[in-house]
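All remarks here apply to the structure that follows.
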Amino acid sequence: MEKEQRYFPFFVDISEYRVLVVGAGIIALRRTSALLRFGTRVTVVAPDIRAEFQALQAQYGQEYVCLQQKKFTPGMTNGYDIVLAATDSPETDHSIWEECKKHGIRVSVASDQTLCDFRFPALIEKDNIVVGVTSNDSDHRNVREISARIRETLGTENRNIDRAEKQDSKESEYQRKEMSAGRTGSEEKNQ
Ligand SMILES: C[C@@]1(CC(=O)O)C2=NC(=C\c3[nH]c(c(CCC(=O)O)c3CC(=O)O)Cc3[nH]c(c(CC(=O)O)c3CCC(=O)O)/C=C3\N/C(=C\2)[C@@H](CCC(=O)O)[C@]3(C)CC(=O)O)/[C@H]1CCC(=O)O
Ligand SMILES: NC(=O)c1ccc[n+]([C@@H]2O[C@H](COP(=O)([O-])OP(=O)(O)OC[C@H]3O[C@@H](n4cnc5c(N)ncnc54)[C@H](O)[C@@H]3O)[C@@H](O)[C@H]2O)c1
């Protein structure tokens with residue numbers, strides 16, 4: 001019988017990490033904005049970059065958000081501590097995974113749970129409390145629903161970008177909220 005895979009929720013200081021995110025669509029945006037709230041530096045590589053990434057760069061500064069408008073090419077993962085593959089091309093995601101495995105870089109592939117060294121959780125943040133939710137059976141929809149209920153109980157706004165907002169690439173609700181809250185990279189770091 002196959003052993004059930006279980007994921008342990010380490011809570012790690014990622015402020016000194018260098019993170020590469022390949023792809024700049026809705027999933028990459030949700031994850032990049034989450035990582036930035038935890039003080040890390042992120043490089044984003046994609047031929048099409050959603051407009052909200054410019055707002056993140058304006059908010060956190062170029063030191064924290066480096067945008068590279070180009071396709072992934074071999075060698076790009078060099079020097080990164082972790083890599084998130086979130087393109088809409090399974091072949092590209094797979095070659096990113098291969099390169100990371102070859103060089104011992106931890107990698108998560110949004111399109112394929114079998115290619116994840118770690119799980120990207122749903123995040124609920126309330127004052128200094130951080131809740132991370134994941135599933136051992138990869139029922140992503142359930143993770144999302146449980147997280148929404150925790151957010152409701154704690155009275156936290158849903159900071160995550162919903163996939164339904166995908167079409168609204170100009171000025172999303174998320175961007176307006178972040179901008180009107182006047183959040184800055186240094187404030188986030190000090191939280
Ligand atoms: C928690 C959350 C965090 C985040 O993404 O930020 C997250 N998925 C979320 C939502 C969600 N994901 C999917 C749907 C559509 C479902 C539907 O409609 O049926 C929805 C619902 C929605 O988006 O509304 C589809 C999906 N997801 C993965 C695959 C590939 C596969 O299963 O192989 C496919 C099929 C793709 C396809 O078919 O194209 C894989 C992963 N998704 C993970 C995390 C990691 C495992 C964590 C876990 O579930 O335990 C992992 C392994 C990737 C990783 O760790 O990198 C976020 C909740 C955000 C929140 O609420 O805060
Ligand atoms: N984990 C999750 O929560 C979840 C949920 C749904 C879907 N997914 C998976 O996540 C992936 C991304 O979904 P999305 O909705 O963000 O897609 P999207 O279409 O919004 O964005 C795709 C991005 O990938 C980039 N890209 C394409 N080819 C590239 C290449 N060769 N090099 C670099 N960048 C490249 C595009 O320029 C674009 O920025 C899909 O594979 C999807 O199956 C994950």
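Residue numbering restarts at 1 for every chain of the structure tokens, chains are lettered A, B, ... in their displayed order, and ligands are numbered from 1 as they appear.
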
Using 7 Å as the limit and counting only C-alpha atoms and all ligand atoms, can you tabulate each residue of chain A that touches ligand 2, with its shortest atom-to-atom distance in Å and the two atoms involved, as a tab-separated table?
```
residue	atom	partner	partner_atom_place_in_ligand_line	distance
A:Val22	CA	ligand 2	33 (C)	5.2
A:Gly23	CA	ligand 2	24 (O)	3.7
A:Ala24	CA	ligand 2	39 (O)	3.5
A:Gly25	CA	ligand 2	20 (O)	3.3
A:Ile26	CA	ligand 2	16 (O)	3.9
A:Ile27	CA	ligand 2	16 (O)	3.8
A:Ala28	CA	ligand 2	16 (O)	5.6
A:Val45	CA	ligand 2	33 (C)	5.6
A:Ala46	CA	ligand 2	34 (N)	3.6
A:Pro47	CA	ligand 2	37 (O)	4.4
A:Asp48	CA	ligand 2	37 (O)	3.7
A:Ile49	CA	ligand 2	39 (O)	5.0
A:Arg50	CA	ligand 2	39 (O)	6.7
A:Lys70	CA	ligand 2	33 (C)	6.5
A:Lys71	CA	ligand 2	32 (N)	3.7
A:Phe72	CA	ligand 2	32 (N)	3.8
A:Ala86	CA	ligand 2	12 (C)	4.6
A:Thr87	CA	ligand 2	24 (O)	3.3
A:Asp88	CA	ligand 2	41 (O)	4.2
A:Ser89	CA	ligand 2	28 (N)	5.3
A:Pro90	CA	ligand 2	41 (O)	6.4
A:Thr92	CA	ligand 2	31 (N)	5.4
A:Ala110	CA	ligand 2	1 (N)	4.4
A:Ser111	CA	ligand 2	41 (O)	4.0
A:Arg163	CA	ligand 2	15 (O)	6.9
A:Lys166	CA	ligand 2	20 (O)	6.8
```

Open item on the list: At a cut-off of 9 Å around ligand 1, and using only C-alpha atoms and all ligand atoms, what residues come up? Please write them as JSON, numbers by chain.
Closed with: {"A": [7, 27, 28, 29, 30, 31, 34, 84, 85, 86, 88, 107, 108, 109, 110, 111, 112, 113, 114, 115, 116, 117, 118, 119, 120, 121, 122, 123, 124, 132, 133, 134, 135, 136, 137, 138, 139, 140, 141, 142, 143, 144, 145, 146, 147, 148, 158, 159, 160, 161, 162, 163, 164]}

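Of the residues under consideration (A:Arg41, A:Arg106, A:Lys126, A:Arg151), A:Arg41 shows the shortest atom-to-atom contact distance to Gly61 in chain A when counting only C-alpha atoms.
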
Open item on the list: Which of range 12-176 of chain A end up as strand (DSSP E or B) when DSSP is run on this backbone - answer as JSON, numbers by chain?
Closed with: {"A": [18, 19, 20, 21, 22, 41, 42, 43, 44, 45, 65, 66, 67, 68, 82, 83, 84, 85, 106, 107, 108, 109, 122, 123, 124, 125, 126, 129, 130, 131, 132, 133]}

Restricting it to C-alpha atoms, dump the selection as a PDB file, in the first residue's frame.
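After the write, out_15.pdb holds the following:
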```pdb
ATOM      1  CA  ARG A  18      16.193  34.908  -2.855  1.00  0.00           C
ATOM      2  CA  VAL A  19      13.077  33.623  -4.582  1.00  0.00           C
ATOM      3  CA  LEU A  20      12.482  33.139  -8.294  1.00  0.00           C
ATOM      4  CA  VAL A  21       8.879  33.097  -9.517  1.00  0.00           C
ATOM      5  CA  VAL A  22       8.462  31.967 -13.112  1.00  0.00           C
ATOM      6  CA  ARG A  41      13.137  39.412  -2.274  1.00  0.00           C
ATOM      7  CA  VAL A  42      11.408  38.115  -5.372  1.00  0.00           C
ATOM      8  CA  THR A  43      12.456  38.005  -9.014  1.00  0.00           C
ATOM      9  CA  VAL A  44       9.594  37.451 -11.446  1.00  0.00           C
ATOM     10  CA  VAL A  45      10.240  36.182 -14.972  1.00  0.00           C
ATOM     11  CA  VAL A  65      10.532  43.083  -6.653  1.00  0.00           C
ATOM     12  CA  CYS A  66      12.630  42.504  -9.771  1.00  0.00           C
ATOM     13  CA  LEU A  67      10.542  42.109 -12.923  1.00  0.00           C
ATOM     14  CA  GLN A  68      12.074  40.461 -15.981  1.00  0.00           C
ATOM     15  CA  ILE A  82      13.649  28.608  -3.761  1.00  0.00           C
ATOM     16  CA  VAL A  83      11.825  28.606  -7.077  1.00  0.00           C
ATOM     17  CA  LEU A  84       8.099  28.729  -7.767  1.00  0.00           C
ATOM     18  CA  ALA A  85       7.012  27.594 -11.216  1.00  0.00           C
ATOM     19  CA  ARG A 106      13.755  23.670  -3.523  1.00  0.00           C
ATOM     20  CA  VAL A 107      10.940  24.024  -5.996  1.00  0.00           C
ATOM     21  CA  SER A 108       7.149  24.099  -6.087  1.00  0.00           C
ATOM     22  CA  VAL A 109       5.235  23.646  -9.328  1.00  0.00           C
ATOM     23  CA  ALA A 122      -3.424  29.257   2.039  1.00  0.00           C
ATOM     24  CA  LEU A 123      -2.500  32.086   4.403  1.00  0.00           C
ATOM     25  CA  ILE A 124      -4.559  33.800   7.040  1.00  0.00           C
ATOM     26  CA  GLU A 125      -2.878  36.694   8.803  1.00  0.00           C
ATOM     27  CA  LYS A 126      -4.306  38.440  11.828  1.00  0.00           C
ATOM     28  CA  ILE A 129      -0.766  35.406  14.090  1.00  0.00           C
ATOM     29  CA  VAL A 130      -0.144  33.468  10.885  1.00  0.00           C
ATOM     30  CA  VAL A 131      -2.252  30.472   9.912  1.00  0.00           C
ATOM     31  CA  GLY A 132      -1.124  28.290   7.024  1.00  0.00           C
ATOM     32  CA  VAL A 133      -3.546  25.735   5.597  1.00  0.00           C
TER      33      VAL A 133
END
```

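CA of Thr156 in chain A sits 20.1 Å away from CA of Phe11 in chain A.
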
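Taking only C-alpha atoms into account, His103 in chain A lies nearest to A:Thr77 out of the set A:Gln5, A:Thr40, A:Thr32, A:Thr77.
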
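Taking range 84-137 of chain A and asking which residues DSSP calls alpha helix (DSSP H) on the backbone, you get Pro90, Glu91, Thr92, Asp93, His94, Ser95, Ile96, Trp97, Glu98, Glu99, Cys100, Lys101, Lys102 and His103 of chain A.
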
Next, the residues of the selection above should be written as a PDB file, in the first residue's frame with N, CA and C atoms.
```pdb
ATOM      1  N   PRO A  90       3.001  23.468 -19.103  1.00  0.00           N
ATOM      2  CA  PRO A  90       3.501  22.314 -18.338  1.00  0.00           C
ATOM      3  C   PRO A  90       4.935  21.943 -18.722  1.00  0.00           C
ATOM      4  N   GLU A  91       5.290  22.122 -20.016  1.00  0.00           N
ATOM      5  CA  GLU A  91       6.657  21.778 -20.450  1.00  0.00           C
ATOM      6  C   GLU A  91       7.668  22.695 -19.770  1.00  0.00           C
ATOM      7  N   THR A  92       7.338  23.985 -19.739  1.00  0.00           N
ATOM      8  CA  THR A  92       8.252  24.938 -19.093  1.00  0.00           C
ATOM      9  C   THR A  92       8.360  24.613 -17.604  1.00  0.00           C
ATOM     10  N   ASP A  93       7.198  24.397 -16.957  1.00  0.00           N
ATOM     11  CA  ASP A  93       7.207  24.057 -15.533  1.00  0.00           C
ATOM     12  C   ASP A  93       8.088  22.841 -15.287  1.00  0.00           C
ATOM     13  N   HIS A  94       7.987  21.860 -16.181  1.00  0.00           N
ATOM     14  CA  HIS A  94       8.759  20.637 -15.993  1.00  0.00           C
ATOM     15  C   HIS A  94      10.256  20.899 -16.149  1.00  0.00           C
ATOM     16  N   SER A  95      10.626  21.737 -17.100  1.00  0.00           N
ATOM     17  CA  SER A  95      12.067  21.980 -17.269  1.00  0.00           C
ATOM     18  C   SER A  95      12.618  22.804 -16.103  1.00  0.00           C
ATOM     19  N   ILE A  96      11.771  23.674 -15.519  1.00  0.00           N
ATOM     20  CA  ILE A  96      12.207  24.418 -14.328  1.00  0.00           C
ATOM     21  C   ILE A  96      12.447  23.424 -13.184  1.00  0.00           C
ATOM     22  N   TRP A  97      11.508  22.495 -13.037  1.00  0.00           N
ATOM     23  CA  TRP A  97      11.620  21.488 -11.976  1.00  0.00           C
ATOM     24  C   TRP A  97      12.907  20.671 -12.155  1.00  0.00           C
ATOM     25  N   GLU A  98      13.171  20.255 -13.410  1.00  0.00           N
ATOM     26  CA  GLU A  98      14.374  19.441 -13.694  1.00  0.00           C
ATOM     27  C   GLU A  98      15.637  20.192 -13.312  1.00  0.00           C
ATOM     28  N   GLU A  99      15.678  21.464 -13.711  1.00  0.00           N
ATOM     29  CA  GLU A  99      16.876  22.269 -13.417  1.00  0.00           C
ATOM     30  C   GLU A  99      17.072  22.406 -11.908  1.00  0.00           C
ATOM     31  N   CYS A 100      15.976  22.632 -11.190  1.00  0.00           N
ATOM     32  CA  CYS A 100      16.064  22.792  -9.730  1.00  0.00           C
ATOM     33  C   CYS A 100      16.533  21.497  -9.077  1.00  0.00           C
ATOM     34  N   LYS A 101      16.002  20.376  -9.514  1.00  0.00           N
ATOM     35  CA  LYS A 101      16.391  19.092  -8.920  1.00  0.00           C
ATOM     36  C   LYS A 101      17.884  18.849  -9.141  1.00  0.00           C
ATOM     37  N   LYS A 102      18.358  19.216 -10.332  1.00  0.00           N
ATOM     38  CA  LYS A 102      19.769  19.008 -10.681  1.00  0.00           C
ATOM     39  C   LYS A 102      20.683  19.809  -9.758  1.00  0.00           C
ATOM     40  N   HIS A 103      20.224  20.994  -9.361  1.00  0.00           N
ATOM     41  CA  HIS A 103      21.082  21.877  -8.572  1.00  0.00           C
ATOM     42  C   HIS A 103      20.682  21.963  -7.107  1.00  0.00           C
TER      43      HIS A 103
END
```

Open item on the list: Between CA of Leu56 in chain A and CA of Ser33 in chain A, what is the distance in Å, rounded to a tenth?
Closed with: 7.3 Å

Open item on the list: Report, in Å to a single decimal, how far apart CA of Tyr80 in chain A and CA of Gln57 in chain A are.
Closed with: 19.2 Å
